[in-house]
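K.L.:
Coordinates in query19.txt, compact mmCIF, C-alpha atoms, are listed below.
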# COMPACT_ATOMS: atom_id res chain seq x y z
CA MET U 1 0.00 0.00 0.00
CA SER U 2 1.39 3.39 -0.94
CA LEU U 3 -0.04 6.48 0.70
CA ARG U 4 1.08 9.95 -0.26
CA LYS U 5 -0.14 13.26 1.07
CA GLU U 6 -0.47 16.07 -1.43
CA LYS U 7 1.11 19.45 -0.72
CA PRO U 8 -1.52 22.15 -0.32
CA PRO U 9 -0.60 25.62 -1.62
CA SER U 10 -1.47 27.41 1.63
CA SER U 11 1.10 29.58 3.34
CA VAL U 12 1.30 31.89 6.35
CA LEU U 13 3.00 35.29 6.03
CA GLY U 14 5.03 33.95 3.15
CA LEU U 15 6.05 30.85 5.12
CA ALA U 16 4.98 27.45 3.89
CA SER U 17 2.27 25.76 5.88
CA HIS U 18 3.31 22.85 8.07
CA HIS U 19 1.48 20.48 5.72
CA SER U 20 3.86 21.29 2.89
CA ALA U 21 6.94 20.48 4.93
CA MET U 22 5.61 17.55 6.93
CA TYR U 23 4.70 14.10 5.70
CA SER U 24 5.96 14.77 2.20
CA GLU U 25 7.59 11.37 1.74
CA THR U 26 5.90 8.27 0.45
CA HIS U 27 5.01 5.85 3.23
CA THR U 28 4.91 2.37 1.77
CA TYR U 29 3.86 -0.79 3.57
CA ASP U 30 1.32 -3.56 3.12
CA TYR U 31 -1.27 -3.11 5.83
CA GLU U 32 -3.04 -6.30 4.75
CA LYS U 33 0.02 -8.32 5.74
CA LYS U 34 0.65 -6.31 8.90
CA TYR U 35 -2.89 -6.55 10.24
CA PRO U 36 -5.30 -9.46 9.74
CA SER U 37 -8.60 -8.75 8.06
CA ASP U 38 -11.62 -8.09 10.26
CA PRO U 39 -14.51 -10.50 10.52
CA LEU U 40 -17.57 -9.56 8.51
CA GLY U 41 -19.55 -6.86 10.30
CA GLU U 42 -16.67 -5.85 12.60
CA GLU U 43 -14.84 -3.51 10.22
CA VAL U 44 -15.33 -0.52 12.54
CA LYS U 45 -15.16 -2.23 15.91
CA GLU U 46 -12.88 -0.99 18.70
CA ASN U 47 -9.79 -2.83 17.47
CA ALA U 48 -10.62 -3.02 13.78
CA ARG U 49 -7.85 -2.83 11.21
CA ILE U 50 -8.93 0.59 9.95
CA TRP U 51 -8.10 2.22 13.30
CA LYS U 52 -4.72 0.54 13.49
CA VAL U 53 -3.82 1.67 9.97
CA TYR U 54 -4.96 5.18 10.85
CA LEU U 55 -2.76 5.19 13.96
CA ASP U 56 0.25 4.03 11.93
CA GLU U 57 -0.22 6.79 9.38
CA ALA U 58 -0.89 9.36 12.10
CA GLU U 59 2.25 8.35 13.97
CA HIS U 60 4.35 8.73 10.84
CA TYR U 61 2.81 12.13 10.12
CA ASP U 62 3.15 13.38 13.69
CA ASP U 63 6.77 12.26 14.02
CA GLU U 64 7.79 14.35 11.00
CA MET U 65 5.63 17.33 11.95
CA LEU U 66 6.61 17.49 15.62
CA GLY U 67 10.27 16.82 14.84
CA GLY U 68 10.46 19.88 12.60
CA PHE U 69 8.55 22.05 15.04
CA LYS U 70 10.68 21.03 18.02
CA ASP U 71 13.91 21.76 16.14
CA THR U 72 12.60 25.22 15.25
CA ILE U 73 11.49 25.98 18.81
CA ASP U 74 14.79 24.81 20.31
CA SER U 75 16.76 27.04 17.94
CA LEU U 76 14.53 30.02 18.71
CA LEU U 77 14.88 29.50 22.46
CA VAL U 78 18.67 29.40 22.30
CA PHE U 79 18.91 32.47 20.08
CA ALA U 80 16.32 34.43 22.08
CA ALA U 81 18.13 33.68 25.34
CA LEU U 82 21.54 34.73 24.02
CA PHE U 83 20.15 37.78 22.25
CA SER U 84 18.24 38.90 25.36
CA GLY U 85 21.49 38.76 27.32
CA VAL U 86 23.25 40.95 24.76
CA VAL U 87 20.44 43.52 24.70
CA THR U 88 20.29 43.57 28.50
CA THR U 89 24.00 44.42 28.62
CA PHE U 90 23.45 47.44 26.39
CA VAL U 91 20.38 48.50 28.38
CA THR U 92 22.35 48.54 31.64
CA VAL U 93 24.83 50.90 29.99
CA THR U 94 22.39 53.26 28.29
CA ILE U 95 19.96 53.49 31.22
CA THR U 96 22.53 55.52 33.15
CA ALA U 97 21.69 58.48 30.89
CA PHE U 98 18.40 58.79 32.79
CA GLN U 99 20.17 59.06 36.15
CA PRO U 100 22.06 62.02 37.62
CA ASN U 101 25.81 62.02 37.00
CA TYR U 102 26.88 61.67 40.61
CA SER U 103 30.57 61.61 39.71
CA GLN U 104 30.31 65.03 38.08
CA ILE U 105 28.22 66.36 40.97
CA THR U 106 30.76 65.11 43.52
CA ALA U 107 33.68 66.64 41.63
CA THR U 108 31.89 69.99 41.32
CA LEU U 109 31.04 70.08 45.02
CA LEU U 110 34.64 69.26 45.95
CA VAL U 111 35.92 72.12 43.79
CA GLU U 112 33.43 74.48 45.41
CA GLN U 113 34.49 73.31 48.87
CA VAL U 114 38.16 73.95 48.07
CA GLN U 115 37.28 77.43 46.84
CA LEU U 116 35.39 78.14 50.06
CA LEU U 117 38.34 76.99 52.16
CA ARG U 118 40.69 79.21 50.20
CA ALA U 119 38.30 82.13 50.56
CA ALA U 120 38.17 81.60 54.32
CA GLY U 121 41.98 81.51 54.49
CA ASN U 122 42.35 84.67 52.41
CA LEU U 123 39.59 86.48 54.31
CA THR U 124 37.61 86.68 51.07
CA ALA U 125 33.86 87.14 51.24
CA ILE U 126 32.11 83.81 50.87
CA ASN U 127 29.45 85.43 48.71
CA ALA U 128 32.14 86.06 46.12
CA ILE U 129 32.45 82.30 45.50
CA PRO U 130 29.89 81.21 42.87
CA SER U 131 27.70 78.35 44.03
CA THR U 132 27.14 75.27 41.93
CA THR U 133 24.04 75.07 39.77
CA LEU U 134 23.96 71.26 39.61
CA ASN U 135 20.84 69.63 41.00
CA PRO U 136 21.17 65.95 42.03
CA ASP U 137 17.48 65.42 41.32
CA ASP U 138 17.66 66.90 37.83
CA ALA U 139 18.39 64.32 35.12
CA SER U 140 17.48 65.40 31.61
CA PRO U 141 18.57 62.84 29.01
CA GLY U 142 18.82 63.97 25.43
CA THR U 143 16.46 62.97 22.65
CA ASN U 144 19.06 60.58 21.24
CA ASN U 145 19.29 58.72 24.56
CA ILE U 146 15.52 58.45 24.74
CA TRP U 147 15.36 56.91 21.27
CA ILE U 148 18.20 54.50 21.98
CA ASN U 149 16.68 53.23 25.20
CA SER U 150 13.22 53.00 23.66
CA LEU U 151 14.55 50.87 20.80
CA PHE U 152 16.59 48.67 23.13
CA PHE U 153 13.67 48.11 25.50
CA ALA U 154 11.33 47.34 22.59
CA SER U 155 13.88 44.88 21.22
CA LEU U 156 14.29 43.21 24.60
CA SER U 157 10.51 42.97 25.05
CA LEU U 158 10.06 41.23 21.69
CA ALA U 159 12.92 38.82 22.39
CA LEU U 160 11.43 37.88 25.77
CA ALA U 161 7.98 37.53 24.19
CA THR U 162 9.46 35.14 21.63
CA ALA U 163 11.06 33.08 24.39
CA LEU U 164 7.79 32.97 26.35
CA LEU U 165 5.73 31.92 23.33
CA SER U 166 8.35 29.31 22.42
CA VAL U 167 8.05 27.75 25.88
CA LEU U 168 4.25 27.71 25.61
CA VAL U 169 4.40 26.12 22.16
CA LYS U 170 6.85 23.53 23.44
CA GLN U 171 4.35 22.64 26.16
CA TRP U 172 1.59 22.35 23.55
CA LEU U 173 3.73 20.00 21.48
CA GLN U 174 4.49 17.93 24.56
CA ALA U 175 0.79 17.65 25.37
CA TYR U 176 0.01 16.76 21.74
CA SER U 177 2.52 13.91 21.71
CA SER U 178 1.61 12.54 25.14
CA ILE U 179 0.66 8.88 25.34
CA SER U 180 -3.04 8.05 25.00
CA PHE U 181 -4.69 4.98 26.48
CA GLY U 182 -7.54 2.77 25.36
CA ASN U 183 -8.32 0.57 22.40
CA ALA U 184 -7.37 1.40 18.82
CA LYS U 185 -10.57 3.31 18.12
CA GLU U 186 -10.28 5.42 21.27
CA LYS U 187 -6.65 6.23 20.50
CA ALA U 188 -7.60 7.23 16.95
CA LEU U 189 -10.38 9.51 18.21
CA ILE U 190 -8.05 11.09 20.79
CA ARG U 191 -5.43 11.73 18.13
CA GLN U 192 -8.02 13.27 15.79
CA TYR U 193 -9.27 15.46 18.64
CA ARG U 194 -5.72 16.67 19.27
CA ILE U 195 -4.93 17.47 15.64
CA ALA U 196 -8.25 19.31 15.31
CA GLY U 197 -7.44 21.45 18.35
CA PHE U 198 -3.90 21.90 17.06
CA GLU U 199 -5.21 23.42 13.85
CA LYS U 200 -8.09 25.30 15.51
CA TRP U 201 -5.66 27.19 17.74
CA GLN U 202 -3.39 27.75 14.72
CA VAL U 203 -0.31 26.43 16.47
CA PRO U 204 1.63 25.99 13.17
CA GLU U 205 0.89 29.61 12.28
CA ILE U 206 2.07 30.76 15.71
CA ILE U 207 5.31 28.84 15.26
CA GLY U 208 5.72 30.44 11.84
CA THR U 209 5.41 33.95 13.29
CA LEU U 210 7.96 33.44 16.08
CA PRO U 211 11.00 33.92 13.79
CA LEU U 212 9.39 37.09 12.41
CA ILE U 213 9.03 38.51 15.93
CA LEU U 214 12.66 37.69 16.64
CA HIS U 215 13.73 39.32 13.37
CA ALA U 216 11.82 42.46 14.33
CA SER U 217 13.58 42.44 17.70
CA LEU U 218 16.95 42.18 16.00
CA ALA U 219 16.07 45.00 13.60
CA LEU U 220 15.10 47.33 16.47
CA PHE U 221 18.33 46.51 18.27
CA LEU U 222 20.44 47.27 15.20
CA ILE U 223 18.66 50.61 14.72
CA GLY U 224 19.31 51.51 18.34
CA LEU U 225 22.90 50.36 18.03
CA SER U 226 23.41 52.64 15.03
CA LEU U 227 22.28 55.59 17.18
CA PHE U 228 24.38 54.55 20.17
What would you get if you wrote out this structure as structure tokens?

P.N.:
Amino acid sequence: MSLRKEKPPSSVLGLASHHSAMYSETHTYDYEKKYPSDPLGEEVKENARIWKVYLDEAEHYDDEMLGGFKDTIDSLLVFAALFSGVVTTFVTVTITAFQPNYSQITATLLVEQVQLLRAAGNLTAINAIPSTTLNPDDASPGTNNIWINSLFFASLSLALATALLSVLVKQWLQAYSSISFGNAKEKALIRQYRIAGFEKWQVPEIIGTLPLILHASLALFLIGLSLF
């Protein structure tokens, strides 16, 4: 018996649907030799041959589909984690622009204190020493710093969102591939219920959009880096 799934032309955001990449090979075996024929009138019983053949084909399909999805998710998780660490390093550097420059304030106050001591030694009027105009509570970052930090924070948010969605999808895939119990018919119905929910919640489409989110995060980071 030779079963072959056709490739549908559907795509998501320019990315091929999971059907076009999964189960594209010919699966050849003789189910009549593998499973004995059913007695007359029992062709759709609990352990009939039709359910066992369905489970074999479903297992072959799911192995290819889930294998590709898991490889994609694992790669995204690794890249998102490393990229988030890089962006966080830049954020810790650029965020200081929104804080008062305490080093400059300390140096200015020390200079003013030295001038006051000299004025006291020379019997100079203290009012003649100009007072500092620095305010420790006044931090006014420039427009460039605001743009840089906004881009970096947006990039970091998208990278973390990608990591979170990847973990959720990985849990969905784990639940989809969990072992089901019962006779052949019950297992077939459970598997069909899972694949229907899998497509209803558009899990393949979500997986297809995750790289796009990560690409957007990388683009925002590069724009911010060019302004840095």

K.L.:
Counting all atoms listed in the file, which of U:Leu218, U:Ile223, U:Met65, U:Ile179 gets nearest to Ser84 of chain U?

P.N.:
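Result for the nearest residue to Ser84 of chain U: U:Leu218.
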
K.L.:
Pick the closest to Thr96 of chain U from U:Gln202, U:Ile146, U:Lys187, U:Ser166: which is it, counting all atoms listed in the file?

P.N.:
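Going through U:Gln202, U:Ile146, U:Lys187, U:Ser166 one by one, the smallest distance to Thr96 of chain U is for U:Ile146.
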
K.L.:
Tell me, in Å to one decimal, how far atom CA of Phe228 of chain U is from atom CA of Ala163 of chain U.

P.N.:
25.6 Å

K.L.:
U:Pro39, U:Lys52, U:Ile206, U:Leu82: which is nearest Lys170 of chain U, counting all atoms listed in the file?

P.N.:
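The closest residue to Lys170 of chain U is U:Ile206.
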
K.L.:
One decimal, in Å: what's the spacing between atom CA of Gly182 of chain U and atom CA of Lys70 of chain U?

P.N.:
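Between these atoms lies a distance of 26.8 Å.
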